[in-house]
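> The file below is run-v6.cif, mmCIF, C-alpha atoms:
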```cif
data_structure
loop_
_atom_site.group_PDB
_atom_site.id
_atom_site.type_symbol
_atom_site.label_atom_id
_atom_site.label_comp_id
_atom_site.auth_asym_id
_atom_site.auth_seq_id
_atom_site.Cartn_x
_atom_site.Cartn_y
_atom_site.Cartn_z
ATOM 1 C CA MET G 684 0.000 0.000 0.000
ATOM 2 C CA LYS G 685 1.360 3.375 -1.010
ATOM 3 C CA PRO G 686 1.992 5.919 1.733
ATOM 4 C CA PRO G 687 -0.373 8.887 1.786
ATOM 5 C CA VAL G 688 0.753 11.928 -0.162
ATOM 6 C CA PRO G 689 1.540 14.902 2.073
ATOM 7 C CA ARG G 690 -0.906 17.764 1.943
ATOM 8 C CA GLN G 691 1.768 20.160 0.655
ATOM 9 C CA GLN G 692 2.412 17.899 -2.367
ATOM 10 C CA ARG G 693 -1.307 17.435 -3.110
ATOM 11 C CA ARG G 694 -1.796 21.191 -3.342
ATOM 12 C CA SER G 695 -1.972 22.407 -6.934
ATOM 13 C CA PRO G 696 0.643 25.067 -7.679
ATOM 14 C CA VAL G 697 -0.644 28.609 -7.911
ATOM 15 C CA HIS G 698 -0.056 30.428 -11.179
ATOM 16 C CA PRO G 699 2.940 32.788 -10.893
ATOM 17 C CA GLY G 700 0.908 35.607 -12.404
ATOM 18 C CA ALA G 701 -1.531 35.259 -9.525
ATOM 19 C CA TRP G 702 1.307 35.605 -7.012
ATOM 20 C CA TRP G 703 2.574 38.741 -8.733
ATOM 21 C CA LEU G 704 -0.958 40.178 -8.906
ATOM 22 C CA TRP G 705 -1.417 39.456 -5.196
ATOM 23 C CA SER G 706 1.900 41.053 -4.206
ATOM 24 C CA LEU G 707 1.378 44.090 -6.435
ATOM 25 C CA SER G 708 -2.088 44.561 -4.935
ATOM 26 C CA LEU G 709 -0.534 44.549 -1.482
ATOM 27 C CA GLY G 710 2.056 47.030 -2.739
ATOM 28 C CA VAL G 711 -0.674 49.351 -4.052
ATOM 29 C CA ALA G 712 -2.423 49.139 -0.685
ATOM 30 C CA ALA G 713 0.866 49.941 1.068
ATOM 31 C CA SER G 714 1.536 52.925 -1.181
ATOM 32 C CA ARG G 715 -1.800 54.533 -0.252
ATOM 33 C CA THR G 716 -1.280 54.637 3.512
ATOM 34 C CA THR G 717 1.300 55.639 6.100
ATOM 35 C CA ASN G 718 -0.422 53.934 9.019
ATOM 36 C CA PRO G 719 2.319 51.838 10.675
ATOM 37 C CA LEU G 720 -0.243 49.332 11.977
ATOM 38 C CA LEU G 721 -1.581 48.607 8.483
ATOM 39 C CA LEU G 722 1.940 48.444 7.013
ATOM 40 C CA ALA G 723 3.053 46.035 9.738
ATOM 41 C CA LEU G 724 -0.042 43.926 9.022
ATOM 42 C CA LEU G 725 0.868 43.762 5.321
ATOM 43 C CA VAL G 726 4.415 42.677 6.158
ATOM 44 C CA THR G 727 3.062 40.007 8.530
ATOM 45 C CA VAL G 728 0.704 38.683 5.858
ATOM 46 C CA THR G 729 3.504 38.396 3.284
ATOM 47 C CA ALA G 730 5.799 36.657 5.778
ATOM 48 C CA TYR G 731 3.110 34.120 6.730
ATOM 49 C CA VAL G 732 2.151 33.353 3.122
ATOM 50 C CA VAL G 733 5.792 32.933 2.084
ATOM 51 C CA ALA G 734 6.497 30.642 5.044
ATOM 52 C CA VAL G 735 3.487 28.437 4.219
ATOM 53 C CA CYS G 736 3.336 28.404 0.412
ATOM 54 C CA ARG G 737 6.908 28.701 -0.876
ATOM 55 C CA THR G 738 8.745 25.822 -2.561
ATOM 56 C CA ARG G 739 11.637 25.220 -0.193
ATOM 57 C CA SER G 740 13.844 23.390 -2.682
ATOM 58 C CA ALA G 741 13.723 26.184 -5.285
ATOM 59 C CA PRO G 742 16.559 28.748 -5.240
ATOM 60 C CA TRP G 743 14.229 31.711 -5.661
ATOM 61 C CA SER G 744 12.295 30.783 -2.481
ATOM 62 C CA ARG G 745 15.159 32.087 -0.324
ATOM 63 C CA SER G 746 15.016 35.634 -1.659
ATOM 64 C CA TYR G 747 12.403 36.875 0.833
ATOM 65 C CA ALA G 748 14.939 37.221 3.662
ATOM 66 C CA ALA G 749 17.273 39.202 1.406
ATOM 67 C CA PHE G 750 14.486 41.609 0.447
ATOM 68 C CA ALA G 751 13.545 41.960 4.121
ATOM 69 C CA ARG G 752 17.137 42.942 4.976
ATOM 70 C CA LEU G 753 17.136 45.395 2.065
ATOM 71 C CA ALA G 754 13.881 46.917 3.339
ATOM 72 C CA LEU G 755 15.382 47.340 6.815
ATOM 73 C CA ALA G 756 18.462 48.999 5.305
ATOM 74 C CA VAL G 757 16.256 51.397 3.302
ATOM 75 C CA LEU G 758 14.366 52.332 6.465
ATOM 76 C CA LEU G 759 17.591 53.046 8.361
ATOM 77 C CA VAL G 760 19.039 55.074 5.472
ATOM 78 C CA ARG G 761 15.831 57.131 5.274
ATOM 79 C CA LEU G 762 16.095 57.969 8.975
ATOM 80 C CA ALA G 763 19.820 58.772 8.652
ATOM 81 C CA PHE G 764 19.173 61.158 5.765
ATOM 82 C CA THR G 765 16.543 62.960 7.825
ATOM 83 C CA VAL G 766 18.963 63.386 10.726
ATOM 84 C CA VAL G 767 21.907 64.549 8.591
ATOM 85 C CA LEU G 768 20.198 66.456 5.768
ATOM 86 C CA GLY G 769 17.132 67.697 7.594
ATOM 87 C CA SER G 770 13.477 67.480 6.620
ATOM 88 C CA PRO G 771 11.009 69.943 5.073
ATOM 89 C CA VAL G 772 8.446 68.967 7.715
ATOM 90 C CA PRO G 773 8.271 71.694 10.377
ATOM 91 C CA GLY G 774 8.356 70.655 13.993
ATOM 92 C CA ALA G 775 8.204 72.210 17.448
ATOM 93 C CA HIS G 776 9.625 69.351 19.535
ATOM 94 C CA THR G 777 13.410 69.396 19.231
ATOM 95 C CA LEU G 778 15.110 66.139 20.131
ATOM 96 C CA PHE G 779 18.739 67.189 19.617
ATOM 97 C CA ALA G 780 20.822 69.504 17.475
ATOM 98 C CA LEU G 781 23.840 68.662 15.312
ATOM 99 C CA PRO G 782 26.580 71.098 14.294
ATOM 100 C CA GLU G 783 25.373 72.755 11.127
ATOM 101 C CA VAL G 784 27.757 73.076 8.171
ATOM 102 C CA PRO G 785 27.381 76.318 6.177
ATOM 103 C CA LEU G 786 26.707 75.740 2.477
ATOM 104 C CA PRO G 787 27.101 78.104 -0.514
ATOM 105 C CA HIS G 788 24.228 80.136 -1.864
ATOM 106 C CA TRP G 789 23.574 77.782 -4.794
ATOM 107 C CA ALA G 790 22.682 75.009 -2.309
ATOM 108 C CA GLN G 791 19.665 76.803 -0.900
ATOM 109 C CA GLY G 792 17.115 74.412 0.610
ATOM 110 C CA ILE G 793 19.750 71.880 1.646
ATOM 111 C CA ARG G 794 21.415 71.786 5.017
ATOM 112 C CA LEU G 795 23.929 69.569 6.788
ATOM 113 C CA GLY G 796 23.252 69.111 10.462
ATOM 114 C CA GLY G 797 21.122 71.417 12.518
ATOM 115 C CA ARG G 798 18.015 70.863 14.586
ATOM 116 C CA VAL G 799 16.330 67.435 14.509
ATOM 117 C CA THR G 800 12.664 67.409 15.511
ATOM 118 C CA ALA G 801 10.391 64.566 16.547
ATOM 119 C CA GLU G 802 7.905 65.415 13.784
ATOM 120 C CA ALA G 803 10.583 65.060 11.105
ATOM 121 C CA LEU G 804 11.711 61.691 12.467
ATOM 122 C CA VAL G 805 8.148 60.387 12.656
ATOM 123 C CA PHE G 806 7.465 61.517 9.081
ATOM 124 C CA ALA G 807 10.676 59.837 7.875
ATOM 125 C CA LEU G 808 9.805 56.667 9.787
ATOM 126 C CA TYR G 809 6.352 56.454 8.212
ATOM 127 C CA ASP G 810 7.694 57.188 4.723
ATOM 128 C CA GLY G 811 10.573 54.721 5.060
ATOM 129 C CA LEU G 812 8.241 52.054 6.422
ATOM 130 C CA ARG G 813 6.027 52.442 3.371
ATOM 131 C CA ILE G 814 8.984 51.986 0.994
ATOM 132 C CA ALA G 815 10.197 49.013 3.033
ATOM 133 C CA THR G 816 6.760 47.397 2.791
ATOM 134 C CA LEU G 817 6.815 47.786 -0.996
ATOM 135 C CA LEU G 818 10.174 46.004 -1.128
ATOM 136 C CA VAL G 819 8.875 43.214 1.095
ATOM 137 C CA CYS G 820 5.867 42.733 -1.203
ATOM 138 C CA VAL G 821 8.154 42.419 -4.233
ATOM 139 C CA GLY G 822 10.323 39.981 -2.285
ATOM 140 C CA ALA G 823 7.259 37.851 -1.532
ATOM 141 C CA ALA G 824 6.447 37.612 -5.243
ATOM 142 C CA ASN G 825 10.045 36.632 -6.004
ATOM 143 C CA ALA G 826 9.947 33.906 -3.359
ATOM 144 C CA LEU G 827 6.590 32.446 -4.449
ATOM 145 C CA ALA G 828 6.402 32.761 -8.243
ATOM 146 C CA SER G 829 8.282 30.324 -10.453
ATOM 147 C CA PRO G 830 10.173 32.301 -13.136
ATOM 148 C CA ALA G 831 10.016 29.410 -15.626
ATOM 149 C CA ARG G 832 6.216 29.089 -15.346
ATOM 150 C CA LEU G 833 5.842 32.868 -15.549
ATOM 151 C CA LEU G 834 7.866 32.922 -18.773
ATOM 152 C CA LYS G 835 5.769 30.126 -20.321
ATOM 153 C CA SER G 836 2.551 32.035 -19.669
ATOM 154 C CA LEU G 837 3.637 35.165 -21.554
ATOM 155 C CA PRO G 838 2.355 35.798 -25.097
ATOM 156 C CA GLY G 839 4.779 35.370 -27.959
ATOM 157 C CA ALA G 840 5.092 39.101 -28.606
ATOM 158 C CA LEU G 841 6.475 39.655 -25.090
ATOM 159 C CA TYR G 842 8.703 36.581 -25.058
ATOM 160 C CA GLU G 843 12.022 38.414 -25.460
ATOM 161 C CA LEU G 844 11.067 41.065 -22.902
ATOM 162 C CA GLY G 845 9.879 38.324 -20.567
ATOM 163 C CA VAL G 846 13.177 36.454 -20.844
ATOM 164 C CA ALA G 847 15.077 39.606 -19.911
ATOM 165 C CA VAL G 848 12.785 40.285 -16.945
ATOM 166 C CA VAL G 849 12.966 36.677 -15.726
ATOM 167 C CA VAL G 850 16.762 36.679 -15.949
ATOM 168 C CA ALA G 851 16.846 39.928 -13.956
ATOM 169 C CA LEU G 852 14.442 38.543 -11.340
ATOM 170 C CA THR G 853 16.348 35.286 -10.901
ATOM 171 C CA PHE G 854 19.690 37.059 -10.475
ATOM 172 C CA ALA G 855 19.010 38.076 -6.865
ATOM 173 C CA PRO G 856 17.837 34.618 -5.652
ATOM 174 C CA HIS G 857 20.810 32.870 -7.259
ATOM 175 C CA LEU G 858 23.138 35.476 -5.783
ATOM 176 C CA VAL G 859 21.679 34.903 -2.315
ATOM 177 C CA ALA G 860 22.010 31.122 -2.734
ATOM 178 C CA ASP G 861 25.667 31.464 -3.799
ATOM 179 C CA VAL G 862 26.478 33.684 -0.820
ATOM 180 C CA GLN G 863 24.846 31.255 1.614
ATOM 181 C CA ARG G 864 26.624 28.274 0.064
ATOM 182 C CA LEU G 865 30.044 29.940 0.193
ATOM 183 C CA ARG G 866 29.568 31.170 3.761
ATOM 184 C CA ALA G 867 28.575 27.674 4.881
ATOM 185 C CA ALA G 868 31.644 26.229 3.146
ATOM 186 C CA ARG G 869 33.907 28.741 4.882
ATOM 187 C CA ARG G 870 32.379 27.943 8.271
ATOM 188 C CA LEU G 871 32.976 24.232 7.706
ATOM 189 C CA ARG G 872 36.644 24.983 6.966
ATOM 190 C CA GLY G 873 36.949 27.091 10.107
ATOM 191 C CA ARG G 874 37.452 30.348 8.240
ATOM 192 C CA PRO G 875 35.692 33.637 9.048
ATOM 193 C CA ASP G 876 32.608 34.438 7.000
ATOM 194 C CA SER G 877 31.769 37.863 8.455
ATOM 195 C CA GLY G 878 33.488 41.196 8.576
ATOM 196 C CA ILE G 879 35.249 43.064 5.794
ATOM 197 C CA ARG G 880 37.749 40.285 5.117
ATOM 198 C CA GLY G 881 35.100 37.590 5.057
ATOM 199 C CA LEU G 882 32.870 39.605 2.735
ATOM 200 C CA LEU G 883 35.730 40.217 0.308
ATOM 201 C CA GLN G 884 36.705 36.554 0.223
ATOM 202 C CA VAL G 885 33.096 35.542 -0.341
ATOM 203 C CA GLY G 886 32.347 38.297 -2.865
ATOM 204 C CA LEU G 887 35.050 37.361 -5.367
ATOM 205 C CA PRO G 888 33.844 33.752 -5.893
ATOM 206 C CA VAL G 889 30.258 35.008 -6.122
ATOM 207 C CA LEU G 890 31.261 37.506 -8.819
ATOM 208 C CA GLU G 891 33.176 34.820 -10.700
ATOM 209 C CA GLY G 892 30.191 32.469 -10.541
ATOM 210 C CA ALA G 893 27.867 35.217 -11.781
ATOM 211 C CA LEU G 894 30.123 35.870 -14.789
ATOM 212 C CA GLU G 895 30.319 32.170 -15.626
ATOM 213 C CA ARG G 896 26.554 31.846 -15.319
ATOM 214 C CA SER G 897 26.007 34.821 -17.632
ATOM 215 C CA VAL G 898 28.308 33.343 -20.304
ATOM 216 C CA ALA G 899 26.538 29.968 -20.074
ATOM 217 C CA LEU G 900 23.154 31.696 -20.252
ATOM 218 C CA ALA G 901 24.172 33.664 -23.356
ATOM 219 C CA ALA G 902 25.365 30.473 -25.070
ATOM 220 C CA ALA G 903 22.140 28.640 -24.183
ATOM 221 C CA MET G 904 19.971 31.504 -25.432
ATOM 222 C CA ASP G 905 21.897 31.692 -28.700
ATOM 223 C CA ALA G 906 21.613 27.918 -29.194
ATOM 224 C CA ARG G 907 17.844 28.150 -28.737
ATOM 225 C CA GLY G 908 17.463 30.904 -31.321
ATOM 226 C CA TYR G 909 16.757 33.752 -28.948
ATOM 227 C CA GLY G 910 16.145 37.039 -30.767
ATOM 228 C CA ARG G 911 15.322 35.535 -34.146
ATOM 229 C CA SER G 912 12.042 36.528 -35.761
ATOM 230 C CA ALA G 913 9.930 35.041 -38.507
ATOM 231 C CA ASP G 914 8.925 36.867 -41.677
ATOM 232 C CA VAL G 915 5.380 38.203 -41.618
ATOM 233 C CA PRO G 916 3.564 40.311 -44.267
ATOM 234 C CA ASP G 917 3.809 44.072 -44.019
ATOM 235 C CA ARG G 918 0.057 44.321 -43.622
ATOM 236 C CA VAL G 919 0.133 42.154 -40.503
ATOM 237 C CA ARG G 920 3.059 44.131 -39.097
ATOM 238 C CA ARG G 921 1.301 47.469 -39.595
ATOM 239 C CA THR G 922 -1.936 46.126 -38.116
ATOM 240 C CA THR G 923 -0.045 44.808 -35.110
ATOM 241 C CA ALA G 924 1.633 48.168 -34.487
ATOM 242 C CA ALA G 925 -1.651 50.064 -34.852
ATOM 243 C CA LEU G 926 -3.551 47.748 -32.517
ATOM 244 C CA THR G 927 -0.824 47.707 -29.871
ATOM 245 C CA LEU G 928 -0.240 51.470 -29.903
ATOM 246 C CA GLY G 929 -3.953 52.268 -30.052
ATOM 247 C CA GLY G 930 -4.674 49.797 -27.277
ATOM 248 C CA LEU G 931 -2.052 51.294 -24.993
ATOM 249 C CA LEU G 932 -3.372 54.789 -25.656
ATOM 250 C CA GLY G 933 -6.896 53.559 -24.938
ATOM 251 C CA ILE G 934 -5.775 52.001 -21.659
ATOM 252 C CA CYS G 935 -4.106 55.256 -20.607
ATOM 253 C CA ALA G 936 -7.177 57.303 -21.563
ATOM 254 C CA GLY G 937 -9.494 54.858 -19.786
ATOM 255 C CA LEU G 938 -7.447 54.914 -16.598
ATOM 256 C CA TYR G 939 -7.387 58.710 -16.705
ATOM 257 C CA GLY G 940 -11.158 58.718 -17.082
ATOM 258 C CA LEU G 941 -11.620 56.377 -14.136
ATOM 259 C CA LEU G 942 -9.338 58.428 -11.901
ATOM 260 C CA THR G 943 -11.015 61.750 -12.668
ATOM 261 C CA THR G 944 -14.522 62.806 -11.761
ATOM 262 C CA GLU G 945 -15.320 64.151 -15.261
ATOM 263 C CA GLY G 946 -14.497 60.911 -17.092
ATOM 264 C CA GLY G 947 -16.675 58.495 -15.169
ATOM 265 C CA GLY G 948 -18.922 57.911 -18.185
ATOM 266 C CA TYR G 949 -16.318 57.065 -20.819
ATOM 267 C CA GLY G 950 -13.501 55.696 -18.649
ATOM 268 C CA LEU G 951 -14.561 52.046 -18.367
ATOM 269 C CA PRO G 952 -15.629 51.546 -22.042
ATOM 270 C CA VAL G 953 -12.427 53.137 -23.333
ATOM 271 C CA LEU G 954 -10.358 51.029 -20.931
ATOM 272 C CA LEU G 955 -12.027 47.801 -22.061
ATOM 273 C CA ALA G 956 -11.700 48.709 -25.748
ATOM 274 C CA GLY G 957 -8.027 49.598 -25.288
ATOM 275 C CA ALA G 958 -7.326 46.354 -23.445
ATOM 276 C CA ALA G 959 -9.029 44.323 -26.202
ATOM 277 C CA ALA G 960 -7.048 46.123 -28.914
ATOM 278 C CA ALA G 961 -3.770 45.658 -27.033
ATOM 279 C CA LEU G 962 -4.424 41.928 -26.537
ATOM 280 C CA ALA G 963 -5.243 41.544 -30.231
ATOM 281 C CA GLY G 964 -2.026 43.343 -31.149
ATOM 282 C CA LEU G 965 -0.007 41.104 -28.831
ATOM 283 C CA ARG G 966 -1.588 38.008 -30.355
ATOM 284 C CA LEU G 967 -0.730 39.146 -33.882
ATOM 285 C CA GLY G 968 2.752 40.175 -32.768
ATOM 286 C CA GLY G 969 3.369 36.659 -31.490
ATOM 287 C CA ARG G 970 3.635 35.455 -35.076
ATOM 288 C CA ARG G 971 7.047 37.126 -35.384
ATOM 289 C CA SER G 972 8.426 35.194 -32.402
ATOM 290 C CA PRO G 973 8.159 31.464 -33.191
ATOM 291 C CA ARG G 974 8.794 29.213 -30.224
ATOM 292 C CA THR G 975 9.132 25.457 -30.002
ATOM 293 C CA ARG G 976 7.651 23.860 -26.905
ATOM 294 C CA TYR G 977 8.983 20.590 -25.554
ATOM 295 C CA ARG G 978 6.886 18.573 -23.108
#
```
Spit out the file's structure as structure tokens when you get a sec.

Amino acid sequence: MKPPVPRQQRRSPVHPGAWWLWSLSLGVAASRTTNPLLLALLVTVTAYVVAVCRTRSAPWSRSYAAFARLALAVLLVRLAFTVVLGSPVPGAHTLFALPEVPLPHWAQGIRLGGRVTAEALVFALYDGLRIATLLVCVGAANALASPARLLKSLPGALYELGVAVVVALTFAPHLVADVQRLRAARRLRGRPDSGIRGLLQVGLPVLEGALERSVALAAAMDARGYGRSADVPDRVRRTTAALTLGGLLGICAGLYGLLTTEGGGYGLPVLLAGAAAALAGLRLGGRRSPRTRYR
């Protein structure tokens, strides 16, 4: 009798586009508020979903921690800039004062040092927390979405752009995996893996591995015919350009109509018509990018 399949293996994989749509929706929600409670709730939701739903054996699933560290660094840098360079937010509660450096007349509006108020620090904290939450949302999408499945779901017209985006998105997870592997190897050999010396000795092999991976990737893409296009009639090419450009303009006009109070009547129809035209243009444009699929 076969052993029962674990629940995590029975779960059908979620489409990577759905993960990106979910994370971008959280990012939009984070960009529209500065409430630290709501931002902390968004970060908690992303951390829980990544911990439960990520594929632990995949290299891109480890990128969430790196994005979280980057978000923390952005928050600290935002606070440091407020302390050193000042803030345009006026405040009446002075926390401390730094020695102010006089600047020339052409640097009006910028100061180095001076009075640091509680209002300026709170404003910088809220603003930095919002940017950090956006980075965490992007990190959640990187940790959950499979780049290979995301590339397969793109239309043929966006295949080359999708390959470039997927390569850029997978660079950070592979870089994090290489750093963790080299640090673990150095610890097993009894060598230091922290500090300036440890970072330099880890960084050089990581850079060498990244260069070798880029050369191998370029050779694989060239062997698979990346960048080659098929011949299509001029009529189809002109129709594709007109539909794509007109669709994008219609989407922009429809979004403008939905966001303004005067365009509530025409915004949604123009948006739908523009989206249909853009999809038709992308479908016709896929004829110039022939792809062979292997099962």
> Please compute the atom CA of Met904 of chain G-atom CA of Glu891 of chain G distance, one decimal, in Å.
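Between these atoms lies a distance of 20.1 Å.
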> Excluding Val953 of chain G and any residue of its chain fewer than 4 positions from it, enumerate the residues within 6 Å of it, using all atoms listed in the file, and give them as a ChimeraX atom specification.
/G:933,937,957
> I'd like the interatomic distance between atom CA of Leu808 of chain G and atom CA of Leu759 of chain G, to a tenth of an Å.
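Rounded to one decimal, the two atoms are 8.7 Å apart.
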> Please expand the PyMOL selection byres ((chain G and resi 930) around 8) into the concrete residues it hits in this file, giving the result as an MDAnalysis selection string.
chainID G and resid 926:929 931:934 956:962 964
> What does the distance from atom CA of Pro699 of chain G to atom CA of Ala902 of chain G come to in Å, to one decimal?
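Separation of atom CA of Pro699 of chain G and atom CA of Ala902 of chain G: 26.6 Å.
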> Around segment 770-782 of chain G, fit a box with edges along x, y and z, padding it by 6 Å on each side, then list its centre and edge lengths in Å to one decimal as lines of an AutoDock Vina configuration file.

```
center_x = 17.4
center_y = 69.2
center_z = 12.6
size_x = 30.4
size_y = 18.1
size_z = 27.1
```
> Could you list, as a list in words, every residue within 9 Å of Pro888 of chain G, counting all atoms listed in the file and ignoring same-chain residues fewer than 6 positions away?
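The neighbour list is Asp861, Val862 and Leu865 of chain G.
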> Nearest to Ala936 of chain G among G:Leu887, G:Leu786, G:Ala906, G:Leu955, with distances taken over only C-alpha atoms: which residue is it?
G:Leu955
> Can you tell me, as a PyMOL selection string, what residues are no more than 9 Å from Ser714 of chain G when counting only C-alpha atoms, ignoring any on the same chain fewer than 4 positions away?
chain G and resi 709-710+813-814+816-817
> For C-alpha atoms, I'd like the residues from the last selection saved as an mmCIF file, in the frame of the given file.

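Result file part-v7.cif:
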```cif
data_model
loop_
_atom_site.group_PDB
_atom_site.id
_atom_site.type_symbol
_atom_site.label_atom_id
_atom_site.label_comp_id
_atom_site.auth_asym_id
_atom_site.auth_seq_id
_atom_site.Cartn_x
_atom_site.Cartn_y
_atom_site.Cartn_z
ATOM 1 C CA LEU G 709 -0.534 44.549 -1.482
ATOM 2 C CA GLY G 710 2.056 47.030 -2.739
ATOM 3 C CA ARG G 813 6.027 52.442 3.371
ATOM 4 C CA ILE G 814 8.984 51.986 0.994
ATOM 5 C CA THR G 816 6.760 47.397 2.791
ATOM 6 C CA LEU G 817 6.815 47.786 -0.996
#
```
> Would you kindly return, as a ChimeraX atom specification, each protein, DNA or RNA residue with an atom no farther than 10 Å from any atom of Arg864 of chain G, considering all atoms listed in the file and excluding same-chain residues fewer than 5 positions away?
/G:858-859,869,885,889
